[in-house]
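Novice: This is the structure I want to talk about, given as structure tokens.
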Amino acid sequence: MRTLETSILGIKFQNPFILASAPPTASIRSIDMAFTDGWGGAVLKTIKPDTLEIVDASPRFAVLKDKKSIIGFQNIEMISHKPVEEWCEGIRYLKKKHPAKVIIASIMAPVVKEEWQNLVRQLNNTPADAFELNFSCPNGMPEQNMGMAIGVSAETSAMITSWVKEVAEKPVFVKLTPNVTDIIEISKAVEKAGADGFSAINTVNGFMGIDLDTMKPRMNVSGKTLYGGCSGLMVQPIGLRCVSQLENSSSLPILGIGGISTWKDAVEYILMGANAVQICTAVMLNGYSIINNLKKGLLEFMEEKNFSSIDEMTGLMAGLVTNHEDLDKSKIVYPKFDSGKCMRCGKCVTICNESGYNALEMTADGIRLSEDKCQGCSLCKYVCHNSAIEL
């Protein structure tokens, strides 16, 4: 019997779809709504010590569009403003109303042992299921030596992980930043320090660009701008790469994050090693109700491919990632042209001539391929307007 239920570190999830720590989990009321809609769990917007003051900028969102579709999202919002006790009361309320839902408390503090441990002790006294250590927020916190400033240092990340593990009474996930040269250096350090799992990835630090009509930056705060956390479809390849790296180097469970908006995206993350997935940007753009299609699509895929559980799928494709020297270079895969679909626009010929190997020629009968010139790069397939080329 097929099921979306899964278990991670002894925590039972009704389904593998979790709200990421972000604006959609900034209030108890919102999380309550999401749980009612069918989400499997939520990572609370990052909780801080009460002594830490947070002031957000306005506006704090910007987007990158491909025609009418939003393919990238920039968010410079900082962590939660709410006091710790308000979150503690909210966790108790949510667990009482939704006992089967998973609640993960995201936390952040300065690099001070007492600050981290006091925060953990307060949240130990709630029915939250796990902690997520936010070592990766790129928005405003690095200037205060927190967030991404912690996550880029293996030594500091390991030190704080060990502090938390000394007092934590719940499993500890470390949320890793992609803004490093080698994410595995960081993951190995926190695993050695006692981390129980990984959340990957947080947003990619970037610059959302300039609106050439207004001659203003897309992220425009009273005429000034900054680098900030980028998410959405544009970061999905980075997230998948990091998840597969973690899967291939560790046995710890992984909560996959980064550009997930459809059930297909979720399946890719699961196949590359994620035990469950966190979603933020798609919810911010479309609402909590996307959970219905996520669950429906995943279940139908599992039925089609004859998977009975999430565990059967997890990491199934991660082993396909190899080194360049191990790739089979004994074959050339040639393009095949569908004359019925070909519009004879000549774009593939032009591109092959200018960026390929001059292997294509336009004739009265259609496109002619010179196999002696073709190197099987596949570029022609991807520039074709009408999907008339297969490999």
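As shown in the structure tokens, the chain order sets the letters A, B, ...; within each chain, residues go from 1, and ligands are also counted from 1 in the order they appear.
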Write out as a VMD selection string the set of residues from segment 63-299 of chain A that DSSP, computed on the backbone, places in alpha helix (DSSP H).
Specialist: chain A and resid 84 to 97 113 to 124 148 to 151 154 to 167 183 to 192 236 to 247 263 to 271 281 to 286 291 to 299
Novice: Residues at most 6 Å from segment 197-200 of chain A, counting only C-alpha atoms, excluding those fewer than 6 positions away in the same chain, as a list in words?
Specialist: Phe173, Val174, Lys175, Leu176, Leu252, Pro253, Ile254, Leu255, Gly256 and Ile257 of chain A
Novice: Report as a tab-separated table: every residue of segment 39-97 of chain A with an atom at most 12 Å from segment 2-8 of chain A, its closest pair of atoms, and their distance in Å to one decimal, counting only C-alpha atoms, with rows sorted by chain and ascending residue number.
Specialist:
residue	atom	partner	partner_atom	distance
A:Trp39	CA	A:Leu4	CA	11.6
A:Gly40	CA	A:Glu5	CA	8.9
A:Gly41	CA	A:Glu5	CA	11.8
Novice: Could you write out that same residue set with N, CA, C and O atoms as an mmCIF file, in the first residue's frame?
Specialist:
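Everything below was put into result.cif:
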data_model
loop_
_atom_site.group_PDB
_atom_site.id
_atom_site.type_symbol
_atom_site.label_atom_id
_atom_site.label_comp_id
_atom_site.auth_asym_id
_atom_site.auth_seq_id
_atom_site.Cartn_x
_atom_site.Cartn_y
_atom_site.Cartn_z
ATOM 1 N N TRP A 39 -0.305 20.452 5.134
ATOM 2 C CA TRP A 39 1.163 20.386 5.158
ATOM 3 C C TRP A 39 1.616 19.410 6.231
ATOM 4 O O TRP A 39 1.015 19.302 7.303
ATOM 5 N N GLY A 40 2.715 18.712 5.956
ATOM 6 C CA GLY A 40 3.214 17.709 6.891
ATOM 7 C C GLY A 40 3.909 18.289 8.098
ATOM 8 O O GLY A 40 3.966 17.673 9.157
ATOM 9 N N GLY A 41 4.461 19.491 7.941
ATOM 10 C CA GLY A 41 5.181 20.112 9.046
ATOM 11 C C GLY A 41 5.580 21.520 8.707
ATOM 12 O O GLY A 41 5.329 22.014 7.597
#
Novice: I'd like the neighbourhood of Met317 of chain A as a list in words, where a residue qualifies if any of its atoms comes within 10 Å (using only C-alpha atoms), though same-chain residues fewer than 6 positions away should be ignored.
Specialist: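 With the cut-off at 10 Å, the set is Ser244, Glu268, Tyr269, Ile270, Leu271, Met272 and Gly273 of chain A.
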Novice: What separation in Å, quoted to one decimal, exists between atom CA of Trp116 of chain A and atom CA of Cys88 of chain A?
Specialist: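 Taking atom CA of Trp116 of chain A and atom CA of Cys88 of chain A, their separation equals 15.8 Å.
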Novice: Which residue gives the smallest distance to Asp37 of chain A among A:Pro49, A:Pro59, A:Gly72, A:Gly287, with only C-alpha atoms counted?
Specialist: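 Of A:Pro49, A:Pro59, A:Gly72, A:Gly287, the one nearest Asp37 of chain A, counting only C-alpha atoms, is A:Gly287.
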Novice: Using only C-alpha atoms, can you tell me which of A:Cys377, A:Asn145, A:Asn125, A:Gln117 comes closest to Thr161 of chain A?
Specialist: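 Smallest distance to Thr161 of chain A is found for A:Gln117.
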Novice: Write out as a ChimeraX atom specification which residues come within 10 Å of segment 329-344 of chain A when counting only C-alpha atoms, dropping same-chain ones fewer than 4 positions away.
Specialist: /A:324-325,348-349,360,362-371,374-381,384-391
Novice: If we count only C-alpha atoms and set the cut-off at 8 Å, which residues sit around Lys264 of chain A, ignoring sequence neighbours fewer than 3 positions away in its own chain? Please answer as a list in words.
Specialist: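 Surrounding residues, per the criterion: Val267, Glu268, Gly297 and Leu298 of chain A.
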Novice: Hey, what's within 12 Å of Thr36 of chain A if we count only C-alpha atoms and toss same-chain stuff fewer than 3 positions away? As a ChimeraX atom specification, please?
Specialist: /A:29-33,39-41,94,97-101,288-289,291-292
Novice: How would the residues just chosen look if you wrote them out with all heavy atoms as a CSV table (one decimal), in the first residue's frame?
Specialist:
chain,number,residue,atom,x,y,z
A,29,ARG,N,-0.9,31.8,13.7
A,29,ARG,CA,-2.1,31.7,12.9
A,29,ARG,C,-1.9,31.2,11.5
A,29,ARG,O,-2.6,30.3,11.0
A,29,ARG,CB,-2.7,33.2,12.8
A,29,ARG,CG,-4.0,33.2,12.0
A,29,ARG,CD,-4.4,34.7,11.7
A,29,ARG,NE,-3.4,35.3,10.8
A,29,ARG,CZ,-3.4,35.2,9.5
A,29,ARG,NH1,-4.3,34.5,8.9
A,29,ARG,NH2,-2.4,35.8,8.8
A,30,SER,N,-0.8,31.6,10.9
A,30,SER,CA,-0.5,31.2,9.5
A,30,SER,C,-0.2,29.7,9.5
A,30,SER,O,-0.6,28.9,8.6
A,30,SER,CB,0.7,32.0,8.9
A,30,SER,OG,0.3,33.3,8.8
A,31,ILE,N,0.6,29.2,10.4
A,31,ILE,CA,1.0,27.8,10.5
A,31,ILE,C,-0.2,27.0,10.8
A,31,ILE,O,-0.4,25.9,10.2
A,31,ILE,CB,2.1,27.6,11.6
A,31,ILE,CG1,3.4,28.4,11.2
A,31,ILE,CG2,2.4,26.1,11.7
A,31,ILE,CD1,4.4,28.4,12.3
A,32,ASP,N,-1.1,27.4,11.6
A,32,ASP,CA,-2.4,26.8,11.9
A,32,ASP,C,-3.1,26.5,10.6
A,32,ASP,O,-3.6,25.4,10.3
A,32,ASP,CB,-3.2,27.6,12.9
A,32,ASP,CG,-4.4,26.9,13.4
A,32,ASP,OD1,-4.7,25.8,13.0
A,32,ASP,OD2,-5.2,27.6,14.2
A,33,MET,N,-3.2,27.6,9.8
A,33,MET,CA,-3.9,27.5,8.5
A,33,MET,C,-3.2,26.4,7.6
A,33,MET,O,-3.9,25.6,6.9
A,33,MET,CB,-3.9,28.8,7.8
A,33,MET,CG,-4.8,29.9,8.5
A,33,MET,SD,-4.5,31.5,7.8
A,33,MET,CE,-4.8,31.3,6.1
A,39,TRP,N,-0.3,20.5,5.1
A,39,TRP,CA,1.2,20.4,5.2
A,39,TRP,C,1.6,19.4,6.2
A,39,TRP,O,1.0,19.3,7.3
A,39,TRP,CB,1.8,21.8,5.4
A,39,TRP,CG,1.6,22.7,4.2
A,39,TRP,CD1,0.5,23.4,3.8
A,39,TRP,CD2,2.6,22.8,3.2
A,39,TRP,NE1,0.8,24.0,2.6
A,39,TRP,CE2,2.0,23.7,2.2
A,39,TRP,CE3,3.9,22.4,2.9
A,39,TRP,CZ2,2.7,24.1,1.0
A,39,TRP,CZ3,4.6,22.8,1.8
A,39,TRP,CH2,4.0,23.6,0.9
A,40,GLY,N,2.7,18.7,6.0
A,40,GLY,CA,3.2,17.7,6.9
A,40,GLY,C,3.9,18.3,8.1
A,40,GLY,O,4.0,17.7,9.2
A,41,GLY,N,4.5,19.5,7.9
A,41,GLY,CA,5.2,20.1,9.0
A,41,GLY,C,5.6,21.5,8.7
A,41,GLY,O,5.3,22.0,7.6
A,94,LEU,N,-0.2,24.8,18.8
A,94,LEU,CA,-0.2,24.1,17.5
A,94,LEU,C,-0.2,22.6,17.7
A,94,LEU,O,-0.9,21.8,17.1
A,94,LEU,CB,1.0,24.5,16.7
A,94,LEU,CG,0.9,25.9,16.0
A,94,LEU,CD1,2.2,26.3,15.4
A,94,LEU,CD2,-0.3,26.0,15.0
A,97,LYS,N,-3.6,21.3,18.9
A,97,LYS,CA,-4.6,21.3,17.9
A,97,LYS,C,-4.2,20.4,16.7
A,97,LYS,O,-5.1,19.8,16.1
A,97,LYS,CB,-4.8,22.7,17.3
A,97,LYS,CG,-5.9,22.9,16.3
A,97,LYS,CD,-6.1,24.3,15.9
A,97,LYS,CE,-7.3,24.4,14.9
A,97,LYS,NZ,-7.5,25.8,14.5
A,98,HIS,N,-2.9,20.2,16.4
A,98,HIS,CA,-2.5,19.4,15.3
A,98,HIS,C,-1.4,18.4,15.8
A,98,HIS,O,-0.2,18.6,15.4
A,98,HIS,CB,-1.9,20.3,14.2
A,98,HIS,CG,-2.8,21.3,13.7
A,98,HIS,ND1,-3.8,21.1,12.8
A,98,HIS,CD2,-2.9,22.7,14.0
A,98,HIS,CE1,-4.5,22.2,12.5
A,98,HIS,NE2,-3.9,23.2,13.2
A,99,PRO,N,-1.7,17.5,16.6
A,99,PRO,CA,-0.7,16.6,17.2
A,99,PRO,C,0.1,15.8,16.3
A,99,PRO,O,1.2,15.4,16.6
A,99,PRO,CB,-1.5,15.7,18.2
A,99,PRO,CG,-2.9,15.7,17.6
A,99,PRO,CD,-3.1,17.1,17.0
A,100,ALA,N,-0.4,15.5,15.0
A,100,ALA,CA,0.3,14.7,14.1
A,100,ALA,C,1.3,15.5,13.2
A,100,ALA,O,2.0,15.0,12.4
A,100,ALA,CB,-0.7,13.9,13.2
A,101,LYS,N,1.2,16.8,13.3
A,101,LYS,CA,2.1,17.7,12.5
A,101,LYS,C,3.5,17.9,13.1
A,101,LYS,O,3.6,17.9,14.3
A,101,LYS,CB,1.4,19.1,12.3
A,101,LYS,CG,0.0,19.0,11.6
A,101,LYS,CD,0.1,18.4,10.2
A,101,LYS,CE,-1.3,18.4,9.6
A,101,LYS,NZ,-1.3,17.8,8.2
A,288,TYR,N,-0.8,28.5,0.5
A,288,TYR,CA,-0.7,27.2,1.1
A,288,TYR,C,-1.4,26.1,0.3
A,288,TYR,O,-1.0,24.9,0.4
A,288,TYR,CB,-1.3,27.2,2.5
A,288,TYR,CG,-0.6,28.1,3.5
A,288,TYR,CD1,-1.3,29.0,4.3
A,288,TYR,CD2,0.8,28.0,3.7
A,288,TYR,CE1,-0.7,29.8,5.3
A,288,TYR,CE2,1.4,28.8,4.6
A,288,TYR,CZ,0.7,29.7,5.4
A,288,TYR,OH,1.3,30.5,6.3
A,289,SER,N,-2.4,26.5,-0.5
A,289,SER,CA,-3.2,25.4,-1.1
A,289,SER,C,-2.4,24.6,-2.2
A,289,SER,O,-2.9,23.6,-2.6
A,289,SER,CB,-4.4,26.1,-1.8
A,289,SER,OG,-4.0,27.0,-2.8
A,291,ILE,N,-0.3,22.6,-1.6
A,291,ILE,CA,-0.1,21.3,-1.0
A,291,ILE,C,-0.9,20.2,-1.6
A,291,ILE,O,-0.5,19.1,-1.7
A,291,ILE,CB,-0.3,21.4,0.6
A,291,ILE,CG1,0.2,20.1,1.2
A,291,ILE,CG2,-1.7,21.7,0.9
A,291,ILE,CD1,1.6,19.7,1.1
A,292,ASN,N,-2.1,20.6,-2.0
A,292,ASN,CA,-3.0,19.6,-2.6
A,292,ASN,C,-2.4,18.9,-3.8
A,292,ASN,O,-2.4,17.7,-4.0
A,292,ASN,CB,-4.4,20.2,-2.9
A,292,ASN,CG,-5.1,20.7,-1.7
A,292,ASN,OD1,-5.0,20.0,-0.6
A,292,ASN,ND2,-5.7,21.9,-1.8
Novice: Please, what distance in Å, to one decimal, runs between atom CA of Leu212 of chain A and atom CA of Ile71 of chain A?
Specialist: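 About the pair atom CA of Leu212 of chain A and atom CA of Ile71 of chain A: they are 18.3 Å apart.
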